[in-house]
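Undergrad: The file below is query-v2.cif, mmCIF, C-alpha atoms:
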```cif
data_entry
#
loop_
_atom_site.group_PDB
_atom_site.id
_atom_site.type_symbol
_atom_site.label_atom_id
_atom_site.label_comp_id
_atom_site.auth_asym_id
_atom_site.auth_seq_id
_atom_site.Cartn_x
_atom_site.Cartn_y
_atom_site.Cartn_z
ATOM 1 C CA MET A 135 0.000 0.000 0.000
ATOM 2 C CA THR A 136 1.278 3.434 -0.882
ATOM 3 C CA LEU A 137 0.210 6.964 -0.034
ATOM 4 C CA THR A 138 -0.750 9.319 -2.863
ATOM 5 C CA LEU A 139 -1.340 13.016 -3.371
ATOM 6 C CA ALA A 140 -5.011 12.168 -3.969
ATOM 7 C CA ASP A 141 -5.150 10.612 -0.470
ATOM 8 C CA VAL A 142 -3.725 13.802 1.030
ATOM 9 C CA ARG A 143 -6.124 16.018 -0.905
ATOM 10 C CA GLY A 144 -9.029 13.831 0.199
ATOM 11 C CA ALA A 145 -7.903 14.108 3.805
ATOM 12 C CA HIS A 146 -7.783 17.887 3.573
ATOM 13 C CA ALA A 147 -11.322 18.053 2.206
ATOM 14 C CA ARG A 148 -12.447 15.843 5.101
ATOM 15 C CA ILE A 149 -10.742 17.711 7.952
ATOM 16 C CA LYS A 150 -10.462 21.335 6.861
ATOM 17 C CA ASP A 151 -13.512 22.432 8.845
ATOM 18 C CA TYR A 152 -12.112 20.851 12.030
ATOM 19 C CA ILE A 153 -8.530 22.168 12.039
ATOM 20 C CA HIS A 154 -6.736 25.485 11.854
ATOM 21 C CA ARG A 155 -5.128 26.601 8.632
ATOM 22 C CA THR A 156 -1.964 27.539 10.451
ATOM 23 C CA PRO A 157 0.043 30.638 9.531
ATOM 24 C CA VAL A 158 3.370 30.699 7.714
ATOM 25 C CA MET A 159 5.813 33.001 9.495
ATOM 26 C CA THR A 160 9.021 34.601 8.267
ATOM 27 C CA SER A 161 11.857 36.473 9.950
ATOM 28 C CA ARG A 162 14.595 38.607 8.414
ATOM 29 C CA THR A 163 16.802 37.830 11.420
ATOM 30 C CA LEU A 164 16.478 34.070 11.020
ATOM 31 C CA ASN A 165 16.917 34.352 7.248
ATOM 32 C CA GLU A 166 20.209 36.164 7.739
ATOM 33 C CA LYS A 167 21.460 33.594 10.228
ATOM 34 C CA ALA A 168 20.689 30.748 7.803
ATOM 35 C CA GLY A 169 21.647 32.578 4.605
ATOM 36 C CA ALA A 170 18.355 31.391 3.134
ATOM 37 C CA GLN A 171 14.719 32.436 2.922
ATOM 38 C CA LEU A 172 12.836 30.516 5.602
ATOM 39 C CA PHE A 173 9.087 29.923 5.781
ATOM 40 C CA PHE A 174 7.887 28.440 9.080
ATOM 41 C CA LYS A 175 4.640 26.440 8.934
ATOM 42 C CA CYS A 176 3.402 26.988 12.485
ATOM 43 C CA GLU A 177 1.750 23.735 13.489
ATOM 44 C CA ASN A 178 2.469 24.718 17.088
ATOM 45 C CA LEU A 179 -0.601 26.938 16.574
ATOM 46 C CA GLN A 180 -2.703 23.996 15.370
ATOM 47 C CA LYS A 181 -5.603 22.481 17.331
ATOM 48 C CA VAL A 182 -4.153 20.640 20.381
ATOM 49 C CA GLY A 183 -0.927 22.543 19.735
ATOM 50 C CA ALA A 184 0.518 20.154 17.147
ATOM 51 C CA PHE A 185 0.235 18.827 13.579
ATOM 52 C CA LYS A 186 -1.090 15.572 15.043
ATOM 53 C CA ALA A 187 -4.608 17.040 14.966
ATOM 54 C CA ARG A 188 -4.572 16.591 11.198
ATOM 55 C CA GLY A 189 -3.851 12.859 11.067
ATOM 56 C CA ALA A 190 -5.959 11.870 14.056
ATOM 57 C CA THR A 191 -8.969 13.794 12.782
ATOM 58 C CA ASN A 192 -8.703 12.239 9.333
ATOM 59 C CA ALA A 193 -8.396 8.741 10.774
ATOM 60 C CA VAL A 194 -11.367 9.090 13.132
ATOM 61 C CA LEU A 195 -13.639 10.762 10.572
ATOM 62 C CA SER A 196 -12.793 8.003 8.082
ATOM 63 C CA LEU A 197 -14.147 5.241 10.350
ATOM 64 C CA SER A 198 -17.541 3.751 9.581
ATOM 65 C CA ASP A 199 -20.238 4.134 12.233
ATOM 66 C CA GLU A 200 -19.836 0.476 13.166
ATOM 67 C CA GLU A 201 -16.058 0.793 13.505
ATOM 68 C CA ALA A 202 -16.316 4.000 15.527
ATOM 69 C CA LYS A 203 -18.997 2.968 18.028
ATOM 70 C CA PRO A 204 -16.728 1.160 20.571
ATOM 71 C CA GLY A 205 -14.314 4.085 20.476
ATOM 72 C CA VAL A 206 -10.649 4.452 19.554
ATOM 73 C CA VAL A 207 -7.382 3.578 21.254
ATOM 74 C CA THR A 208 -3.752 4.544 20.719
ATOM 75 C CA HIS A 209 -0.392 4.754 22.435
ATOM 76 C CA SER A 210 1.375 8.117 22.404
ATOM 77 C CA SER A 211 3.805 10.276 24.367
ATOM 78 C CA GLY A 212 1.429 13.182 24.054
ATOM 79 C CA ASN A 213 0.550 15.086 20.910
ATOM 80 C CA HIS A 214 -1.183 12.255 19.067
ATOM 81 C CA ALA A 215 -2.848 11.338 22.351
ATOM 82 C CA ALA A 216 -4.473 14.741 22.676
ATOM 83 C CA ALA A 217 -5.272 14.836 18.958
ATOM 84 C CA LEU A 218 -7.056 11.485 19.059
ATOM 85 C CA ALA A 219 -8.914 12.436 22.235
ATOM 86 C CA ARG A 220 -10.132 15.601 20.508
ATOM 87 C CA ALA A 221 -11.121 13.770 17.322
ATOM 88 C CA ALA A 222 -13.070 11.206 19.340
ATOM 89 C CA LYS A 223 -14.868 13.987 21.170
ATOM 90 C CA LEU A 224 -15.818 15.554 17.821
ATOM 91 C CA ARG A 225 -17.453 12.265 16.901
ATOM 92 C CA ASN A 226 -18.830 11.649 20.413
ATOM 93 C CA ILE A 227 -17.111 8.290 20.900
ATOM 94 C CA PRO A 228 -14.824 7.024 23.704
ATOM 95 C CA ALA A 229 -11.037 7.422 23.512
ATOM 96 C CA TYR A 230 -8.522 5.263 25.400
ATOM 97 C CA ILE A 231 -4.991 6.635 25.457
ATOM 98 C CA VAL A 232 -1.971 4.569 26.511
ATOM 99 C CA MET A 233 0.752 6.970 27.678
ATOM 100 C CA PRO A 234 4.289 6.295 28.941
ATOM 101 C CA SER A 235 4.633 7.083 32.631
ATOM 102 C CA ASN A 236 7.203 9.798 31.851
ATOM 103 C CA SER A 237 4.957 11.745 29.465
ATOM 104 C CA PRO A 238 5.069 15.522 30.101
ATOM 105 C CA GLN A 239 2.431 16.743 32.561
ATOM 106 C CA ALA A 240 1.217 19.355 30.076
ATOM 107 C CA LYS A 241 0.459 16.650 27.519
ATOM 108 C CA GLN A 242 -1.341 14.487 30.066
ATOM 109 C CA ALA A 243 -3.480 17.478 31.044
ATOM 110 C CA SER A 244 -4.354 18.117 27.405
ATOM 111 C CA VAL A 245 -5.615 14.543 26.974
ATOM 112 C CA ARG A 246 -7.745 14.809 30.088
ATOM 113 C CA ARG A 247 -9.300 18.065 28.925
ATOM 114 C CA TYR A 248 -10.829 16.207 25.990
ATOM 115 C CA GLY A 249 -12.354 13.582 28.264
ATOM 116 C CA ALA A 250 -10.227 10.600 27.249
ATOM 117 C CA GLU A 251 -9.252 7.776 29.605
ATOM 118 C CA ILE A 252 -5.479 7.556 30.178
ATOM 119 C CA ILE A 253 -3.839 4.176 30.819
ATOM 120 C CA PHE A 254 -0.184 4.501 31.860
ATOM 121 C CA CYS A 255 2.583 2.088 30.879
ATOM 122 C CA GLU A 256 6.343 1.753 31.148
ATOM 123 C CA PRO A 257 8.233 4.047 28.726
ATOM 124 C CA THR A 258 9.154 1.348 26.189
ATOM 125 C CA GLN A 259 7.731 0.524 22.784
ATOM 126 C CA ALA A 260 6.924 -3.027 23.878
ATOM 127 C CA ALA A 261 4.982 -1.779 26.905
ATOM 128 C CA ARG A 262 3.044 0.709 24.782
ATOM 129 C CA GLU A 263 2.010 -1.948 22.300
ATOM 130 C CA SER A 264 1.097 -4.649 24.840
ATOM 131 C CA THR A 265 -0.930 -2.222 26.959
ATOM 132 C CA ALA A 266 -2.799 -0.926 23.910
ATOM 133 C CA GLN A 267 -3.575 -4.503 22.870
ATOM 134 C CA SER A 268 -5.059 -5.238 26.281
ATOM 135 C CA VAL A 269 -7.296 -2.173 25.970
ATOM 136 C CA ILE A 270 -8.463 -3.309 22.524
ATOM 137 C CA GLU A 271 -9.341 -6.734 23.905
ATOM 138 C CA ARG A 272 -11.249 -5.157 26.806
ATOM 139 C CA THR A 273 -13.179 -2.505 24.850
ATOM 140 C CA GLY A 274 -13.276 -3.493 21.183
ATOM 141 C CA ALA A 275 -12.032 0.003 20.314
ATOM 142 C CA ALA A 276 -10.418 0.686 16.933
ATOM 143 C CA PHE A 277 -6.650 1.101 17.109
ATOM 144 C CA ILE A 278 -5.339 4.314 15.520
ATOM 145 C CA HIS A 279 -1.575 4.049 15.299
ATOM 146 C CA PRO A 280 0.151 7.373 16.001
ATOM 147 C CA TYR A 281 2.012 7.329 12.680
ATOM 148 C CA ASN A 282 2.107 3.947 10.876
ATOM 149 C CA ASN A 283 -1.388 4.383 9.447
ATOM 150 C CA LEU A 284 -2.107 5.604 5.921
ATOM 151 C CA ARG A 285 -5.063 7.739 7.027
ATOM 152 C CA VAL A 286 -2.928 9.382 9.712
ATOM 153 C CA MET A 287 -0.088 9.925 7.232
ATOM 154 C CA ALA A 288 -2.501 11.467 4.703
ATOM 155 C CA GLY A 289 -3.766 13.870 7.335
ATOM 156 C CA GLN A 290 -0.254 14.953 8.291
ATOM 157 C CA GLY A 291 0.543 15.604 4.648
ATOM 158 C CA THR A 292 -2.128 18.308 4.510
ATOM 159 C CA ALA A 293 0.343 20.658 6.235
ATOM 160 C CA ALA A 294 2.440 20.555 3.057
ATOM 161 C CA LEU A 295 -0.621 21.192 0.860
ATOM 162 C CA GLU A 296 -1.332 24.411 2.744
ATOM 163 C CA LEU A 297 2.312 25.462 2.851
ATOM 164 C CA LEU A 298 2.737 25.044 -0.909
ATOM 165 C CA GLU A 299 -0.533 26.806 -1.675
ATOM 166 C CA GLU A 300 0.830 29.822 0.179
ATOM 167 C CA ILE A 301 4.510 29.516 -0.836
ATOM 168 C CA PRO A 302 4.486 27.531 -4.099
ATOM 169 C CA ASP A 303 8.119 28.068 -5.126
ATOM 170 C CA LEU A 304 9.948 26.315 -2.285
ATOM 171 C CA ASP A 305 13.232 24.539 -2.995
ATOM 172 C CA ASP A 306 13.314 22.443 0.169
ATOM 173 C CA ILE A 307 11.132 21.398 3.121
ATOM 174 C CA LEU A 308 12.484 20.344 6.514
ATOM 175 C CA CYS A 309 10.459 18.194 8.942
ATOM 176 C CA PRO A 310 11.231 16.544 12.251
ATOM 177 C CA VAL A 311 11.135 12.756 12.156
ATOM 178 C CA GLY A 312 10.225 10.356 14.938
ATOM 179 C CA GLY A 313 7.813 7.702 13.737
ATOM 180 C CA GLY A 314 7.770 9.320 10.310
ATOM 181 C CA GLY A 315 4.073 10.145 9.901
ATOM 182 C CA LEU A 316 4.679 13.832 9.266
ATOM 183 C CA LEU A 317 7.773 13.355 7.113
ATOM 184 C CA SER A 318 6.164 10.675 4.947
ATOM 185 C CA GLY A 319 2.929 12.622 4.456
ATOM 186 C CA VAL A 320 4.711 15.884 3.713
ATOM 187 C CA SER A 321 7.138 14.256 1.274
ATOM 188 C CA VAL A 322 4.337 12.536 -0.662
ATOM 189 C CA ALA A 323 2.327 15.750 -0.886
ATOM 190 C CA ALA A 324 5.326 17.890 -1.800
ATOM 191 C CA HIS A 325 6.558 15.571 -4.547
ATOM 192 C CA GLY A 326 3.043 15.077 -5.854
ATOM 193 C CA ILE A 327 2.844 18.835 -6.367
ATOM 194 C CA ASN A 328 6.459 19.459 -7.402
ATOM 195 C CA PRO A 329 8.851 16.515 -7.903
ATOM 196 C CA ASN A 330 11.839 18.885 -7.738
ATOM 197 C CA ILE A 331 11.313 19.876 -4.096
ATOM 198 C CA ARG A 332 13.832 18.262 -1.777
ATOM 199 C CA VAL A 333 12.419 17.052 1.542
ATOM 200 C CA PHE A 334 14.738 16.423 4.484
ATOM 201 C CA GLY A 335 14.033 14.807 7.826
ATOM 202 C CA VAL A 336 15.810 16.026 10.936
ATOM 203 C CA GLU A 337 16.146 14.082 14.187
ATOM 204 C CA PRO A 338 18.149 14.184 17.435
ATOM 205 C CA GLN A 339 21.534 12.476 17.516
ATOM 206 C CA GLY A 340 20.347 10.558 20.568
ATOM 207 C CA ALA A 341 17.377 9.158 18.618
ATOM 208 C CA ASP A 342 18.915 8.658 15.180
ATOM 209 C CA ASP A 343 17.104 5.510 14.088
ATOM 210 C CA ALA A 344 15.632 7.163 10.971
ATOM 211 C CA ALA A 345 19.087 8.188 9.736
ATOM 212 C CA ARG A 346 20.394 4.676 10.378
ATOM 213 C CA SER A 347 17.353 3.146 8.709
ATOM 214 C CA LEU A 348 17.675 5.239 5.562
ATOM 215 C CA ALA A 349 21.414 4.538 5.377
ATOM 216 C CA THR A 350 20.993 0.761 5.685
ATOM 217 C CA GLY A 351 17.722 0.391 3.775
ATOM 218 C CA LYS A 352 16.217 -1.462 6.727
ATOM 219 C CA ILE A 353 14.221 -0.202 9.729
ATOM 220 C CA GLN A 354 16.590 0.119 12.679
ATOM 221 C CA PRO A 355 15.194 -0.097 16.212
ATOM 222 C CA SER A 356 15.009 2.849 18.581
ATOM 223 C CA THR A 357 15.927 0.954 21.736
ATOM 224 C CA SER A 358 17.119 3.637 24.182
ATOM 225 C CA PRO A 359 16.385 7.060 22.678
ATOM 226 C CA ALA A 360 17.993 9.854 24.694
ATOM 227 C CA THR A 361 16.696 13.290 23.757
ATOM 228 C CA ILE A 362 14.799 16.241 25.144
ATOM 229 C CA ALA A 363 12.600 16.016 22.024
ATOM 230 C CA ASP A 364 10.098 13.584 23.559
ATOM 231 C CA GLY A 365 7.931 13.499 20.426
ATOM 232 C CA LEU A 366 10.804 12.005 18.411
ATOM 233 C CA ARG A 367 11.654 8.977 20.538
ATOM 234 C CA THR A 368 9.628 6.506 18.472
ATOM 235 C CA ALA A 369 10.833 4.162 15.728
ATOM 236 C CA LEU A 370 9.729 4.235 12.086
ATOM 237 C CA GLY A 371 6.870 2.063 10.859
ATOM 238 C CA GLU A 372 6.782 0.011 7.676
ATOM 239 C CA HIS A 373 4.375 2.390 5.910
ATOM 240 C CA THR A 374 6.196 5.565 6.902
ATOM 241 C CA PHE A 375 9.608 4.108 6.066
ATOM 242 C CA ALA A 376 8.465 3.028 2.607
ATOM 243 C CA GLU A 377 7.423 6.585 1.717
ATOM 244 C CA ILE A 378 10.569 8.051 3.279
ATOM 245 C CA GLN A 379 12.698 5.749 1.119
ATOM 246 C CA ARG A 380 10.791 6.837 -1.981
ATOM 247 C CA HIS A 381 10.669 10.567 -1.388
ATOM 248 C CA VAL A 382 13.115 11.893 1.219
ATOM 249 C CA ALA A 383 16.461 13.370 0.135
ATOM 250 C CA GLY A 384 18.201 12.685 3.447
ATOM 251 C CA ILE A 385 18.034 12.598 7.237
ATOM 252 C CA VAL A 386 20.129 15.055 9.273
ATOM 253 C CA THR A 387 20.888 14.662 12.992
ATOM 254 C CA VAL A 388 21.375 17.464 15.528
ATOM 255 C CA SER A 389 22.698 17.599 19.089
ATOM 256 C CA GLU A 390 20.763 18.375 22.253
ATOM 257 C CA ASP A 391 22.600 21.686 22.624
ATOM 258 C CA GLU A 392 21.654 22.620 19.055
ATOM 259 C CA ILE A 393 18.000 21.773 19.711
ATOM 260 C CA ILE A 394 17.877 23.893 22.860
ATOM 261 C CA HIS A 395 19.701 26.789 21.224
ATOM 262 C CA SER A 396 17.345 26.744 18.243
ATOM 263 C CA MET A 397 14.269 26.421 20.431
ATOM 264 C CA ARG A 398 15.243 29.464 22.471
ATOM 265 C CA LEU A 399 16.126 31.453 19.346
ATOM 266 C CA MET A 400 12.708 30.732 17.833
ATOM 267 C CA TRP A 401 10.962 31.781 21.046
ATOM 268 C CA GLU A 402 12.933 35.033 21.154
ATOM 269 C CA VAL A 403 12.715 35.980 17.470
ATOM 270 C CA LEU A 404 9.386 34.529 16.258
ATOM 271 C CA LYS A 405 7.662 35.233 19.618
ATOM 272 C CA ILE A 406 5.959 31.825 19.653
ATOM 273 C CA ILE A 407 6.108 28.767 21.917
ATOM 274 C CA VAL A 408 7.920 25.886 20.217
ATOM 275 C CA GLU A 409 8.521 22.509 21.879
ATOM 276 C CA PRO A 410 11.904 20.773 21.469
ATOM 277 C CA SER A 411 10.652 18.463 18.694
ATOM 278 C CA GLY A 412 9.382 21.495 16.785
ATOM 279 C CA ALA A 413 12.775 23.201 16.980
ATOM 280 C CA VAL A 414 14.694 20.227 15.587
ATOM 281 C CA PRO A 415 14.360 21.092 11.844
ATOM 282 C CA TYR A 416 15.579 24.667 12.285
ATOM 283 C CA ALA A 417 18.493 23.372 14.355
ATOM 284 C CA ALA A 418 19.870 21.706 11.221
ATOM 285 C CA LEU A 419 20.286 25.145 9.654
ATOM 286 C CA VAL A 420 21.249 27.366 12.557
ATOM 287 C CA ASP A 421 24.310 25.300 13.454
ATOM 288 C CA GLY A 422 25.325 24.376 9.923
ATOM 289 C CA GLN A 423 24.447 20.671 9.763
ATOM 290 C CA LEU A 424 22.576 21.369 6.515
ATOM 291 C CA ASN A 425 23.744 24.106 4.146
ATOM 292 C CA LEU A 426 20.820 25.484 2.125
ATOM 293 C CA ALA A 427 22.305 28.912 1.467
ATOM 294 C CA GLY A 428 20.396 30.977 -1.085
ATOM 295 C CA ARG A 429 17.422 28.600 -1.188
ATOM 296 C CA ARG A 430 13.758 28.959 -0.259
ATOM 297 C CA VAL A 431 13.115 26.602 2.606
ATOM 298 C CA GLY A 432 9.870 25.529 4.276
ATOM 299 C CA ILE A 433 10.212 24.416 7.898
ATOM 300 C CA VAL A 434 7.421 22.580 9.690
ATOM 301 C CA ILE A 435 7.239 23.569 13.358
ATOM 302 C CA SER A 436 5.560 20.410 14.554
ATOM 303 C CA GLY A 437 4.244 21.465 17.960
ATOM 304 C CA GLY A 438 4.272 23.767 20.967
ATOM 305 C CA ASN A 439 3.347 21.588 23.944
ATOM 306 C CA LEU A 440 5.735 21.411 26.883
ATOM 307 C CA ASP A 441 5.943 21.942 30.616
ATOM 308 C CA LEU A 442 6.591 25.649 31.142
ATOM 309 C CA ASP A 443 7.958 24.958 34.630
ATOM 310 C CA THR A 444 10.847 22.890 33.276
ATOM 311 C CA LEU A 445 12.138 24.786 30.248
ATOM 312 C CA PRO A 446 15.505 23.379 29.112
ATOM 313 C CA TRP A 447 17.418 26.633 29.614
ATOM 314 C CA MET A 448 16.207 27.101 33.200
ATOM 315 C CA LYS A 449 18.786 26.568 35.934
ATOM 316 C CA SER A 450 18.078 23.567 38.136
#
```
Let me see whether you can do it: turn the structure in this file into structure tokens.
TA:
Amino acid sequence: MTLTLADVRGAHARIKDYIHRTPVMTSRTLNEKAGAQLFFKCENLQKVGAFKARGATNAVLSLSDEEAKPGVVTHSSGNHAAALARAAKLRNIPAYIVMPSNSPQAKQASVRRYGAEIIFCEPTQAARESTAQSVIERTGAAFIHPYNNLRVMAGQGTAALELLEEIPDLDDILCPVGGGGLLSGVSVAAHGINPNIRVFGVEPQGADDAARSLATGKIQPSTSPATIADGLRTALGEHTFAEIQRHVAGIVTVSEDEIIHSMRLMWEVLKIIVEPSGAVPYAALVDGQLNLAGRRVGIVISGGNLDLDTLPWMKS
């Protein structure tokens, strides 16, 4: 099974009345630092504070009445959790969210605000999956994978549709990559519109499974991810990896210091709240890991959810 531009366009028609069309921001200061023209797609200003609202909403609205009735279940460190809880509330069905015990408090609170039931598990992929399976067996709810789901991937790709409608002459697009739902959806949409656009994924050095996977041609496990970017600690799925192999020009890795520096710079210059995962793509430019001098570059700011009492530049 492959994802197509038609799938992404269909997703946008389905969800457009239930999401924000997020703004594209620019900054002369950040352009000068990068030596390029940068266009930030601000998904941190999306419903639930992250691009995940797109994919979750498309997946839930695509269910038949019979499939939807018992509710939906997922495992997520936060943004997809809140997005699925919101989408379930839109459809007036139950939502069961399996969350790692170390999920940020702000993301737990967001899930609760939408009325979903949280089931905690140990912070490992195996624990997430086994706990979700037990919930499915107990409730009969439909499982909506946080990224390895074509309907979710199609929804995430709608961010690129909007970006390219507003800024059609981009040379490159940068996205963070964890499980790959955003990167795969964006790359399919971008290449469906303009095959000459280069799409790059960016991930933390301490969670570099996507870079290793692309280099070896085989999905590499993310066994002990160590990064402040909690949304990027997951491993690729077979569907997301297939599209990444087909469409992505490369994966760049950045250090924790580079992520924090970029995050703070975006707060100070753009005057918006960006979570660590959302700062990862810009980090590839600000510290020179990726040289796109003179080019027109779209950057997807994936989210803005974090605990404001524990900002990474605060002194302990």
Undergrad: Step by step, work through what the PyMOL selection byres ((chain A and resi 154-161) around 10) selects in the shown file, and finish by giving those residues as a ChimeraX atom specification.
TA: /A:149-153,162-166,171-181,185,187-188,292-293,296-297,300-301,400,403-404,432-435
Undergrad: Write a file of the just-selected residues containing C-alpha atoms, as a CSV table (one decimal), keeping the file's coordinate frame.
TA:
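Here's the written file result.csv:
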```csv
chain,number,residue,atom,x,y,z
A,149,ILE,CA,-10.7,17.7,8.0
A,150,LYS,CA,-10.5,21.3,6.9
A,151,ASP,CA,-13.5,22.4,8.8
A,152,TYR,CA,-12.1,20.9,12.0
A,153,ILE,CA,-8.5,22.2,12.0
A,162,ARG,CA,14.6,38.6,8.4
A,163,THR,CA,16.8,37.8,11.4
A,164,LEU,CA,16.5,34.1,11.0
A,165,ASN,CA,16.9,34.4,7.2
A,166,GLU,CA,20.2,36.2,7.7
A,171,GLN,CA,14.7,32.4,2.9
A,172,LEU,CA,12.8,30.5,5.6
A,173,PHE,CA,9.1,29.9,5.8
A,174,PHE,CA,7.9,28.4,9.1
A,175,LYS,CA,4.6,26.4,8.9
A,176,CYS,CA,3.4,27.0,12.5
A,177,GLU,CA,1.8,23.7,13.5
A,178,ASN,CA,2.5,24.7,17.1
A,179,LEU,CA,-0.6,26.9,16.6
A,180,GLN,CA,-2.7,24.0,15.4
A,181,LYS,CA,-5.6,22.5,17.3
A,185,PHE,CA,0.2,18.8,13.6
A,187,ALA,CA,-4.6,17.0,15.0
A,188,ARG,CA,-4.6,16.6,11.2
A,292,THR,CA,-2.1,18.3,4.5
A,293,ALA,CA,0.3,20.7,6.2
A,296,GLU,CA,-1.3,24.4,2.7
A,297,LEU,CA,2.3,25.5,2.9
A,300,GLU,CA,0.8,29.8,0.2
A,301,ILE,CA,4.5,29.5,-0.8
A,400,MET,CA,12.7,30.7,17.8
A,403,VAL,CA,12.7,36.0,17.5
A,404,LEU,CA,9.4,34.5,16.3
A,432,GLY,CA,9.9,25.5,4.3
A,433,ILE,CA,10.2,24.4,7.9
A,434,VAL,CA,7.4,22.6,9.7
A,435,ILE,CA,7.2,23.6,13.4
```
Undergrad: Residue by residue, what does the PyMOL selection byres ((chain A and resi 437) around 12) grab here? Present the result as a ChimeraX atom specification.
TA: /A:156,174-187,212-214,216-217,241,309-310,316,363-366,397,406-415,434-436,438-440
Undergrad: Apply the PyMOL selection byres ((chain A and resi 248) around 7) to the file shown and report the selected residues as a PDB file with C-alpha atoms, in the coordinates of the input.
TA:
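Below is the file expr-v2.pdb, written as the result:
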```
ATOM      1  CA  ALA A 219      -8.914  12.436  22.235  1.00  0.00           C
ATOM      2  CA  ARG A 220     -10.132  15.601  20.508  1.00  0.00           C
ATOM      3  CA  LYS A 223     -14.868  13.987  21.170  1.00  0.00           C
ATOM      4  CA  SER A 244      -4.354  18.117  27.405  1.00  0.00           C
ATOM      5  CA  VAL A 245      -5.615  14.543  26.974  1.00  0.00           C
ATOM      6  CA  ARG A 246      -7.745  14.809  30.088  1.00  0.00           C
ATOM      7  CA  ARG A 247      -9.300  18.065  28.925  1.00  0.00           C
ATOM      8  CA  GLY A 249     -12.354  13.582  28.264  1.00  0.00           C
ATOM      9  CA  ALA A 250     -10.227  10.600  27.249  1.00  0.00           C
TER      10      ALA A 250
END
```
Undergrad: Taking all atoms listed in the file into account, name the residue in A:Asp443, A:Asp342, A:Glu402, A:Asp306 that is nearest to Thr357 in chain A.
TA: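 That would be A:Asp342, the residue with the smallest distance to Thr357 in chain A.
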Undergrad: Do a neighbour search on Val386 in chain A at 10 Å with only C-alpha atoms, toss out local chain neighbours closer than 4 positions, and write the hits as a ChimeraX atom specification.
TA: /A:308,310-311,334-339,342,344-345,414-415,417-418,423-424
Undergrad: Give me, please, the distance in Å between CA of Val322 in chain A and CA of Ala215 in chain A, quoted to one decimal.
TA: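 That distance, rounded to one decimal, is 24.1 Å.
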Undergrad: Give me, please, the distance in Å between CA of Gly205 in chain A and CA of Ala145 in chain A, quoted to one decimal.
TA: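 CA of Gly205 in chain A sits 20.5 Å away from CA of Ala145 in chain A.
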Undergrad: Which neighbours of Gln267 in chain A fall inside 12 Å, counting all atoms listed in the file, when residues of the same chain fewer than 2 positions from it are skipped, and could you give them as a PDB file with C-alpha atoms, in the frame of the given file?
TA:
```pdb
ATOM      1  CA  VAL A 206     -10.649   4.452  19.554  1.00  0.00           C
ATOM      2  CA  VAL A 207      -7.382   3.578  21.254  1.00  0.00           C
ATOM      3  CA  THR A 208      -3.752   4.544  20.719  1.00  0.00           C
ATOM      4  CA  HIS A 209      -0.392   4.754  22.435  1.00  0.00           C
ATOM      5  CA  TYR A 230      -8.522   5.263  25.400  1.00  0.00           C
ATOM      6  CA  ILE A 231      -4.991   6.635  25.457  1.00  0.00           C
ATOM      7  CA  VAL A 232      -1.971   4.569  26.511  1.00  0.00           C
ATOM      8  CA  ILE A 253      -3.839   4.176  30.819  1.00  0.00           C
ATOM      9  CA  ALA A 260       6.924  -3.027  23.878  1.00  0.00           C
ATOM     10  CA  ALA A 261       4.982  -1.779  26.905  1.00  0.00           C
ATOM     11  CA  ARG A 262       3.044   0.709  24.782  1.00  0.00           C
ATOM     12  CA  GLU A 263       2.010  -1.948  22.300  1.00  0.00           C
ATOM     13  CA  SER A 264       1.097  -4.649  24.840  1.00  0.00           C
ATOM     14  CA  THR A 265      -0.930  -2.222  26.959  1.00  0.00           C
ATOM     15  CA  VAL A 269      -7.296  -2.173  25.970  1.00  0.00           C
ATOM     16  CA  ILE A 270      -8.463  -3.309  22.524  1.00  0.00           C
ATOM     17  CA  GLU A 271      -9.341  -6.734  23.905  1.00  0.00           C
ATOM     18  CA  ARG A 272     -11.249  -5.157  26.806  1.00  0.00           C
ATOM     19  CA  THR A 273     -13.179  -2.505  24.850  1.00  0.00           C
ATOM     20  CA  GLY A 274     -13.276  -3.493  21.183  1.00  0.00           C
ATOM     21  CA  ALA A 275     -12.032   0.003  20.314  1.00  0.00           C
ATOM     22  CA  ALA A 276     -10.418   0.686  16.933  1.00  0.00           C
ATOM     23  CA  PHE A 277      -6.650   1.101  17.109  1.00  0.00           C
ATOM     24  CA  ILE A 278      -5.339   4.314  15.520  1.00  0.00           C
ATOM     25  CA  HIS A 279      -1.575   4.049  15.299  1.00  0.00           C
TER      26      HIS A 279
END
```
Undergrad: Axis-aligned box over every listed atom of range 270-281 of chain A, padded by 5 Å per side: centre and edges in Å to one decimal, as lines of an AutoDock Vina configuration file?
TA:
```
center_x = -5.6
center_y = 0.3
center_z = 19.7
size_x = 25.3
size_y = 24.1
size_z = 24.1
```
